[in-house]
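J.: File name entry.csv; file contents CSV, C-alpha atoms; full text below.
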chain,number,residue,atom,x,y,z
N,613,MET,CA,-56.3,-11.9,7.7
N,614,GLU,CA,-54.6,-10.7,4.5
N,615,ARG,CA,-50.8,-10.5,4.7
N,616,LYS,CA,-48.9,-7.9,2.7
N,617,THR,CA,-45.9,-9.2,0.9
N,618,HIS,CA,-44.4,-5.9,0.0
N,619,ILE,CA,-44.8,-2.2,1.0
N,620,PRO,CA,-43.6,0.9,-0.7
N,621,LEU,CA,-40.2,2.0,0.4
N,622,THR,CA,-41.5,5.3,1.8
N,623,GLU,CA,-44.0,3.5,4.0
N,624,PHE,CA,-41.3,1.2,5.2
N,625,GLU,CA,-39.0,4.2,6.0
N,626,LYS,CA,-41.8,5.9,7.9
N,627,ALA,CA,-42.6,2.8,9.9
N,628,ILE,CA,-38.9,2.3,10.8
N,629,GLU,CA,-38.6,6.0,11.8
N,630,GLU,CA,-41.6,5.8,14.0
N,631,LYS,CA,-40.7,2.5,15.6
N,632,LEU,CA,-37.0,3.5,16.4
N,633,ASP,CA,-37.7,7.2,16.9
N,634,VAL,CA,-35.0,8.1,14.3
N,635,THR,CA,-34.9,10.2,11.1
N,636,ALA,CA,-33.6,8.7,7.9
N,637,ALA,CA,-31.2,11.1,6.1
N,638,ALA,CA,-29.8,10.7,2.6
N,639,ALA,CA,-26.1,10.0,2.5
N,640,VAL,CA,-24.2,12.8,0.8
N,641,ALA,CA,-20.8,12.3,-0.6
N,642,VAL,CA,-18.5,15.3,-0.4
N,643,ALA,CA,-15.9,15.5,-3.1
N,644,GLY,CA,-12.8,17.5,-2.2
N,645,PRO,CA,-10.0,18.7,-4.5
N,646,ALA,CA,-8.4,15.7,-6.0
N,647,GLY,CA,-5.2,17.3,-7.2
N,648,PRO,CA,-3.2,17.9,-4.0
N,649,ALA,CA,-4.5,14.8,-2.2
N,650,ALA,CA,-3.2,12.3,-4.7
N,651,PRO,CA,0.5,12.9,-4.1
N,652,ALA,CA,0.1,13.0,-0.3
N,653,GLU,CA,-1.5,9.5,-0.4
N,654,ALA,CA,1.3,8.2,-2.6
N,655,ALA,CA,3.9,9.5,-0.1
N,656,GLU,CA,2.3,7.5,2.8
N,657,GLU,CA,4.2,4.4,3.7
N,658,GLN,CA,2.4,1.1,3.2
N,659,ASP,CA,1.7,-0.5,6.5
N,660,GLU,CA,-0.1,-3.7,5.4
N,661,PHE,CA,1.6,-6.4,3.3
N,662,ASP,CA,0.6,-9.6,1.6
N,663,VAL,CA,2.9,-12.6,1.5
N,664,VAL,CA,2.3,-14.5,-1.7
N,665,LEU,CA,3.7,-18.0,-2.3
N,666,THR,CA,4.8,-18.1,-6.0
N,667,GLY,CA,6.3,-21.5,-6.0
N,668,ALA,CA,7.0,-24.5,-3.7
N,669,GLY,CA,10.5,-25.4,-5.0
N,670,ASP,CA,12.1,-28.8,-4.4
N,671,LYS,CA,11.2,-29.2,-0.8
N,672,LYS,CA,7.4,-29.1,-1.0
N,673,ILE,CA,6.8,-31.0,2.3
N,674,GLN,CA,9.0,-28.4,4.2
N,675,VAL,CA,7.0,-25.6,2.6
N,676,ILE,CA,3.7,-27.1,3.6
N,677,LYS,CA,5.0,-27.4,7.2
N,678,VAL,CA,6.0,-23.7,7.2
N,679,VAL,CA,2.6,-22.7,5.7
N,680,ARG,CA,0.8,-24.7,8.4
N,681,GLU,CA,2.9,-22.9,11.1
N,682,LEU,CA,2.2,-19.5,9.7
N,683,THR,CA,-1.5,-19.9,9.0
N,684,SER,CA,-2.7,-22.6,11.4
N,685,LEU,CA,-4.3,-24.3,8.3
N,686,GLY,CA,-4.9,-28.1,8.3
N,687,LEU,CA,-2.7,-30.4,6.3
N,688,LYS,CA,-5.0,-30.7,3.3
N,689,GLU,CA,-5.7,-26.9,3.2
N,690,ALA,CA,-1.9,-26.1,3.4
N,691,LYS,CA,-1.1,-28.7,0.7
N,692,ASP,CA,-3.9,-27.2,-1.5
N,693,LEU,CA,-2.5,-23.7,-1.0
N,694,VAL,CA,1.1,-24.9,-1.9
N,695,ASP,CA,-0.2,-26.9,-4.9
N,696,GLY,CA,-2.2,-23.9,-6.1
N,697,ALA,CA,0.7,-21.4,-6.1
N,698,PRO,CA,0.8,-18.5,-6.7
N,699,LYS,CA,-1.5,-17.9,-3.7
N,700,PRO,CA,-1.4,-15.5,-0.8
N,701,VAL,CA,-0.3,-17.1,2.5
N,702,LEU,CA,-0.8,-14.1,4.7
N,703,GLU,CA,-2.8,-11.0,3.9
N,704,LYS,CA,-2.7,-7.5,5.4
N,705,VAL,CA,0.0,-8.1,8.0
N,706,ALA,CA,2.6,-5.8,9.4
N,707,LYS,CA,5.9,-5.3,7.6
N,708,GLU,CA,7.9,-7.2,10.2
N,709,ALA,CA,5.5,-10.2,10.2
N,710,ALA,CA,5.5,-10.3,6.4
N,711,GLU,CA,9.3,-10.2,6.2
N,712,LYS,CA,9.6,-12.9,8.9
N,713,ALA,CA,7.1,-15.2,7.0
N,714,ALA,CA,8.9,-14.6,3.7
N,715,GLU,CA,12.2,-15.6,5.3
N,716,SER,CA,10.7,-18.8,6.8
N,717,LEU,CA,9.2,-19.8,3.5
N,718,LYS,CA,12.4,-19.0,1.5
N,719,ALA,CA,14.4,-21.0,4.1
N,720,ALA,CA,12.1,-24.0,3.4
N,721,GLY,CA,12.9,-23.7,-0.4
N,722,ALA,CA,9.8,-21.7,-1.6
N,723,SER,CA,9.8,-18.7,-3.8
N,724,VAL,CA,7.9,-15.8,-2.2
N,725,GLU,CA,6.8,-12.3,-3.0
N,726,VAL,CA,5.9,-9.6,-0.5
N,727,LYS,CA,3.4,-7.1,-1.9
Here is a file; write its structure as structure tokens.

T.:
Amino acid sequence: MERKTHIPLTEFEKAIEEKLDVTAAAAVAVAGPAGPAAPAEAAEEQDEFDVVLTGAGDKKIQVIKVVRELTSLGLKEAKDLVDGAPKPVLEKVAKEAAEKAAESLKAAGASVEVK
């Protein structure tokens, strides 16, 4: 029995359509007017924030503890994150969570940036 290692894409598409009883349709991107949409997007308020550790400060151990509390990382991972600053501690979190995390890190002696 000879085994095929490849088949043309059109044959593969037909086989999938027959097997799954579906029709493959080409994806079509519809471009709208770019002018008015751009300012509207800029006016929207940002709802996801990143908390970036920019420096550990003098109390590195305290900062590592806070990073572990915020991220549930292990000791080594948290230490590596603090040593490798600037690095994101939290990504895509709500504004309140980002502000609370930044306050905790600043209280431990770290320098933090919320983006």

J.: Excluding N:Asp692 and residues on its chain fewer than 6 positions from it, collect all residues at most 10 Å away from it, counting all atoms listed in the file, and give them as a PyMOL selection string.

T.: chain N and resi 676+686+699

J.: Please, what distance in Å, to one decimal, runs between atom CA of N:Lys727 and atom CA of N:Val664?

T.: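 Separating atom CA of N:Lys727 from atom CA of N:Val664 is a distance of 7.5 Å.
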
J.: In Å, with one decimal, what is the gap from atom CA of N:Phe661 to atom CA of N:Val675?

T.: 20.0 Å

J.: Taking all atoms listed in the file into account, which of N:Val634, N:Thr683, N:Ala668, N:Glu660 comes nearest N:Val726?

T.: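 Answer, going by the shortest atom-to-atom distance: N:Glu660.
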
J.: Expressed in Å to a single decimal, how great is the separation between atom CA of N:Val694 and atom CA of N:Glu708?

T.: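 Between atom CA of N:Val694 and atom CA of N:Glu708 the gap is 22.5 Å.
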
J.: Given the choices N:Gln674, N:Thr622, N:Gln658, N:Thr666, which gets closest to N:Val701 if the distance is worked out from only C-alpha atoms?

T.: N:Thr666

J.: Report as a list in words all protein, DNA and RNA residues lying within 8 Å of stretch 709-713 of chain N, evaluated on all atoms listed in the file, omitting residues in the same chain fewer than 4 positions from it.

T.: Phe661, Asp662, Val663, Leu682, Leu702, Val705, Leu717 and Val726 of chain N

J.: With distances taken over only C-alpha atoms, which of N:Glu625, N:Pro620, N:Leu632, N:Val679 is nearest to N:Ala720?

T.: N:Val679
